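See structure below.
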Amino acid sequence: MLPYSSSKDKVLTELNTEMQSGLSHVEVISRQEKYGANKLREKKKKTTFQRFMDQFKDAMILILLAAAAISFVIACVNNEPNEFFEPILILLIVILNAIMGVMQESKAEKALEALKNMSAPHARVIRDGAEQIVEASELVPGDIIRLEAGDFVPADARLLRSAGLKSEESALTGESVPSEKDSEVVTDEKSPLGDRSNMVFSGCSITYGTATAVVTATGMDTEMGKIANLLEGEEDGMTPLQEKLAQLGKYLGFMALIACAILFVIGIVDDHEPLDMFMTAVSLAVSAIPEGLPAIVTIVLSIGVQRMVKKNTIIRRLPAVETLGSASVICSDKTGTLTQNRMTLVKAYRDGENGVEKISNENSDGICKLLMYATLCCDGSVIFNGTQEQHIGDPTETAIVLAAHKNGMPKDTLTSKYPRMAEIPFDSNRKLMTTVNRIDGKNIVIVKGAFDMMISRCISGDLESAKRFTDEMSSDALRVLAVAYKEIDEVPENPTSEQLECDLIFMGLVGMIDPPRPEAKVAVDTCRKAGIRPVMITGDHVVTACAIAKDLGILQEGDKALTGADLDRMTDSELDEMVEEVSVYARVSPEDKIRIVKSWQRKDQVVSMTGDGVNDAPALKAADIGCAMGITGTDVAKGAADMTLTDDNFATIVDAVQEGRGIYANIKKVVGYLLGTNIGEVITVFFAMLLWKETPLLSMQLLWINLVTDSLPAICLGMEAVESDVMQQKPKPKNEGLFAHGFGVRTVLQGVMFGIISLAAFRIGWGLEQDIDAGRTMAFMVLALSQVVQAYNMRSEHSLFKIGPFTNTKLNWAALSSVILVAILLFVPPISKVFGLTHLTTSEYLIGLGLILTPFVVMEIAKALGFIKHHNRK
């Protein structure tokens, strides 16, 4: 059976399903076992072994392994058992490093996979006669689904009922213009994909209208699934910060290679064993080249992103985390974001009455008729499960539906008694929704929407009084909708706004309250302290918007409020002149949102914009950080956004900015830590060879420090909690580099400090014992353990005593592990011998301890004197 060339009834019969009741729970389970999950084939993931082998693709690691192999061959030729230790140990260290790399990659992958699953699309489906919301992956052929503007189509489906439906199908057909759909059409068997106007296809989106459809194909059987081999998914690219660090790594690597080459030449000139010098030079290159920085950044980002999930933020694109730290303007919707989105109908006005009436369970006949008409013109519904209410659809509509239900008019009863014959769906430009219902044998057009859009379309009613009551209710922070109607003789086949939304009889007003979120006021105050400008953007009445904006602290003395009409009269240059003075935009369209975003961006501001509708997608993309609403947001809006707020809460955006700043700060700490220690290693070996013609660290010792000792603290440093004063700093400028405000200079100076104390340790140990192994042992101990101390120094620009020295539990365990590993090498004689280490005297250990703690003392003094401080702090 070809569903597009078959009638609706035939398709329903073939799929053994019913439009009104859908499939039963038992039948769904049976079909899920038969057809599998409604998912496209995913790109084949690398096995653990493949990821393990990828760890050896780095050129320096390969050179090191080649050197170890040569060393092993020479040991075999010389038949010297002691010479086998070094190549075998190097091999073990490299393998250990590879295992750690695989574990880190797996952790990052699992974190991102969890995020992907959390942002999985959902579908509205009718099963067992009731509407439910399920994950799209659970759909099966025969499921009855409902679609409206902004939804992604979850599976291929044959339309059963449609009203003004349009679907954006460019991903399949290449057509840039949305395709018009009609459930009544039966197309030819040979119709090309683009002409199947009675079908909607998986992966496409609904741009206009509403529909009910039956699923005909899922997963790889969909049209999208048939070309899945072309849609394997793009490679995960690097974030801008990762790209910069990768580039930095190349520069530093080039410099390190030059240093290593000079080191090798000096060693050869001074009659050192060529293979030993080669191994030392290569080991130093492996240690000095920060090739792992982008990977470390990925791990820190993914850990941070996981932490953000717990705070109701799902990050869709990793670069958004970097941008969050720079956010300087947050443009937020009012309804549901700054307010509680618990719409409750509290007042109503019937045309011709002297005043408004409070909503109760026993309203007057006039108000009940108004509620009945308004409910018939709603797509939202309320499902009752005992004492529990589940609101499905727009909260303004479910508030109306609930008020009618409390007055003895359940929506299901009304729609059965007065069936919908036609409709024009709501859109944000008209700000109206229209239905045609058969009421008492007459075709009644019911129009519901914004009063200021309705007033010009009415020819009857006391509109002056209605305007007065609209203003009164709006000033009380109520959201007001108007209802009007008219009678028509015939229902048009393809109804238009020009036909139905004119010559109306004004019927009345309904006013609903959506109180401000208590936490939003605190969040707005936090924004201002953080140098972030909060701006309210709403489609609501300007009086309502201003009342709530003042209550929340968004609209302050001297700030202005503009309407969409005001914006239409302004040029872009006029808006640019005024944009910094405006805190409230009311009655705006999605196109206005784009203008506001771009105006702020022309002021070099980093703009975060919230949105929920299909028409908000361009504004979400235009913003530096697009925030989609997780509850009320359409699938299209979520797809266009950088992040999704699972609770639609303004305070969550502010929390996300705080987390974003914290994550960026942690990345900076990790980068500074690793580069500083790497520079210290290069300085130690390079200058020791220049000054004393001896290498202070053997290849095995260098590798142990770099690949084992400092990698664990680095990752745990990236898990540092967000500092308490991070929101008392100005936003980071958009194009500010990672090493701005002297951070790069401080990193180099810290590397010099490590070099000096390590060289001192080498010289002291060598001089006291007249044994170069003692010098190397002291240098190894001091360099390895001072790096552990430095991990604590890098935790904050504040004194460690202020933040609590041991409040990062994960770092404590990592540091303890590193100390134990170093201690095993120092104090277990067989292992010490293998690594070229020797036992030191008590005085040498004490001198070493003093040198190990030197970075702590130096950094604490630098912090106390203000040499280390946040330059963006106000």
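Going by the structure tokens order, chains are called A, B, ..., each with residues numbered from 1, while ligands are numbered from 1 in the order shown.
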
Quiz item: Running DSSP on the backbone, which parts of range 335-536 of chain A land in strand (DSSP E or B), as a PyMOL selection string?
Solution: chain A and resi 339+344-350+357-358+381-385+388-392+420-427+432-439+442-449+458-460+478-488+504-513+516+533-536

Self-check item: Exercise: range 793-802 of chain A partners within 8 Å, only C-alpha atoms, chain neighbours under 4 positions left out, as a count of residues only
Solution: 17

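Minimum distance to Ser589 in chain A across A:Leu165, A:Ala136, A:Ala565, A:Ala714 (counting only C-alpha atoms) occurs at A:Ala565.
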
Self-check item: Non-local contacts of Gly461 in chain A (8 Å; only C-alpha atoms; under 3 positions in same chain excluded) as an MDAnalysis selection string
Solution: chainID A and resid 351:352 458 505:507

Using C-alpha atoms, can you write the selected residues to a file as a PDB file, in the first residue's frame?
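Listing of result_3.pdb after writing:
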ATOM      1  CA  ASP A 351     -19.904  43.351  25.908  1.00  0.00           C
ATOM      2  CA  GLY A 352     -22.755  45.548  27.133  1.00  0.00           C
ATOM      3  CA  CYS A 458     -15.190  44.659  14.653  1.00  0.00           C
ATOM      4  CA  ILE A 505     -19.346  41.338  16.496  1.00  0.00           C
ATOM      5  CA  PHE A 506     -17.335  42.061  19.628  1.00  0.00           C
ATOM      6  CA  MET A 507     -18.248  39.594  22.358  1.00  0.00           C
TER       7      MET A 507
END

Quiz prompt | Selection near Arg146 in chain A, 9 Å with only C-alpha atoms, sequence-local residues under 6 positions removed, as a list of chain:residue names | solution =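 Contacts, with the query itself left out: A:Ala123, A:Arg124, A:Val125, A:Ile126, A:Glu131, A:Thr210, A:Ala211, A:Thr212, A:Ala213, A:Val214.
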
Exercise. Could you give me the residues within range 710-837 of chain A that DSSP places in alpha helix (DSSP H), as a count of residues only?
Key: 85

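When only C-alpha atoms are used to measure the gap to Lys448 in chain A, the shortest distance among A:Met372, A:Ala561, A:Leu245, A:Leu96 belongs to A:Met372.
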
Quiz item: Got a sec: who's within 10 Å of range 724-738 of chain A, counting only C-alpha atoms, leaving out chain neighbours fewer than 3 positions off, as a count of residues only?
Solution: 46

Exercise. Considering only C-alpha atoms, return as a list in words whatever protein or nucleic-acid residues lie within 7 Å of Thr280 in chain A, sequence-local ones (same chain, fewer than 3 positions apart) excluded.
Key: Asp276, Met277, Ser283, Leu284, Leu698 and Ser699 of chain A

Only all heavy atoms, please: the residues just picked out, written as a PDB file, in the first residue's frame.
ATOM      1  N   ASP A 276      70.811   7.964  24.341  1.00  0.00           N
ATOM      2  CA  ASP A 276      70.294   8.564  25.578  1.00  0.00           C
ATOM      3  C   ASP A 276      69.824   9.990  25.327  1.00  0.00           C
ATOM      4  O   ASP A 276      68.756  10.406  25.811  1.00  0.00           O
ATOM      5  CB  ASP A 276      71.394   8.570  26.656  1.00  0.00           C
ATOM      6  CG  ASP A 276      71.661   7.178  27.206  1.00  0.00           C
ATOM      7  OD1 ASP A 276      70.817   6.286  26.951  1.00  0.00           O
ATOM      8  OD2 ASP A 276      72.700   6.990  27.864  1.00  0.00           O
ATOM      9  N   MET A 277      70.639  10.756  24.600  1.00  0.00           N
ATOM     10  CA  MET A 277      70.262  12.144  24.313  1.00  0.00           C
ATOM     11  C   MET A 277      69.024  12.214  23.429  1.00  0.00           C
ATOM     12  O   MET A 277      68.168  13.078  23.606  1.00  0.00           O
ATOM     13  CB  MET A 277      71.421  12.881  23.632  1.00  0.00           C
ATOM     14  CG  MET A 277      72.566  13.264  24.555  1.00  0.00           C
ATOM     15  SD  MET A 277      72.010  14.068  26.094  1.00  0.00           S
ATOM     16  CE  MET A 277      71.059  15.448  25.453  1.00  0.00           C
ATOM     17  N   SER A 283      61.580  12.674  24.759  1.00  0.00           N
ATOM     18  CA  SER A 283      60.742  12.676  25.966  1.00  0.00           C
ATOM     19  C   SER A 283      60.372  14.102  26.368  1.00  0.00           C
ATOM     20  O   SER A 283      59.238  14.379  26.776  1.00  0.00           O
ATOM     21  CB  SER A 283      61.469  11.990  27.125  1.00  0.00           C
ATOM     22  OG  SER A 283      61.747  10.655  26.805  1.00  0.00           O
ATOM     23  N   LEU A 284      61.366  15.010  26.252  1.00  0.00           N
ATOM     24  CA  LEU A 284      61.097  16.412  26.577  1.00  0.00           C
ATOM     25  C   LEU A 284      60.083  17.003  25.610  1.00  0.00           C
ATOM     26  O   LEU A 284      59.187  17.758  26.014  1.00  0.00           O
ATOM     27  CB  LEU A 284      62.394  17.226  26.531  1.00  0.00           C
ATOM     28  CG  LEU A 284      62.269  18.702  26.925  1.00  0.00           C
ATOM     29  CD1 LEU A 284      61.768  18.829  28.354  1.00  0.00           C
ATOM     30  CD2 LEU A 284      63.595  19.422  26.770  1.00  0.00           C
ATOM     31  N   LEU A 698      65.969  12.183  33.396  1.00  0.00           N
ATOM     32  CA  LEU A 698      66.032  11.160  32.369  1.00  0.00           C
ATOM     33  C   LEU A 698      64.692  11.083  31.626  1.00  0.00           C
ATOM     34  O   LEU A 698      63.670  11.580  32.104  1.00  0.00           O
ATOM     35  CB  LEU A 698      66.358   9.807  33.009  1.00  0.00           C
ATOM     36  CG  LEU A 698      67.711   9.727  33.731  1.00  0.00           C
ATOM     37  CD1 LEU A 698      67.851   8.370  34.412  1.00  0.00           C
ATOM     38  CD2 LEU A 698      68.868   9.988  32.780  1.00  0.00           C
ATOM     39  N   SER A 699      64.733  10.444  30.489  1.00  0.00           N
ATOM     40  CA  SER A 699      63.513  10.380  29.658  1.00  0.00           C
ATOM     41  C   SER A 699      62.350   9.763  30.420  1.00  0.00           C
ATOM     42  O   SER A 699      61.215  10.245  30.354  1.00  0.00           O
ATOM     43  CB  SER A 699      63.792   9.589  28.380  1.00  0.00           C
ATOM     44  OG  SER A 699      64.302   8.306  28.694  1.00  0.00           O
TER      45      SER A 699
END

Self-check item: Exercise: range 408-418 of chain A partners within 8 Å, only C-alpha atoms, chain neighbours under 6 positions left out, as a list in words
Solution: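 My list of contacting residues is Asn361, Met372, Thr375, Leu376, Ser381, Val401, Asn437, Arg438, Ile439 and Asp440 of chain A.
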
Quiz item: Which of these residues is nearest to Ser843 in chain A, using only C-alpha atoms: A:Gly765, A:Pro830, A:Gly508, A:Gly558?
Solution: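 Looking only at the distances to Ser843 in chain A, the closest residue turns out to be A:Gly765.
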
Quiz prompt | Selected residue of minimal separation from Arg746 in chain A among A:Val535, A:Trp813, A:Val269, A:Leu675, counting only C-alpha atoms | solution =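 Smallest distance to Arg746 in chain A is found for A:Leu675.
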
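CA of Asn494 in chain A sits 17.4 Å away from CA of Pro419 in chain A.
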
Practice problem: Kindly indicate which residue among A:Leu89, A:Ile705, A:Met609, A:Ala545 lies nearest to Cys331 in chain A, using only C-alpha atoms for the distances. | Solution: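 With only C-alpha atoms as the atom set, the closest residue is A:Met609.
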
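Each of A:Ser167, A:Thr652, A:Gln770, A:Asn429 was compared to Ser497 in chain A using only C-alpha atoms, and A:Asn429 turns out to be the nearest.
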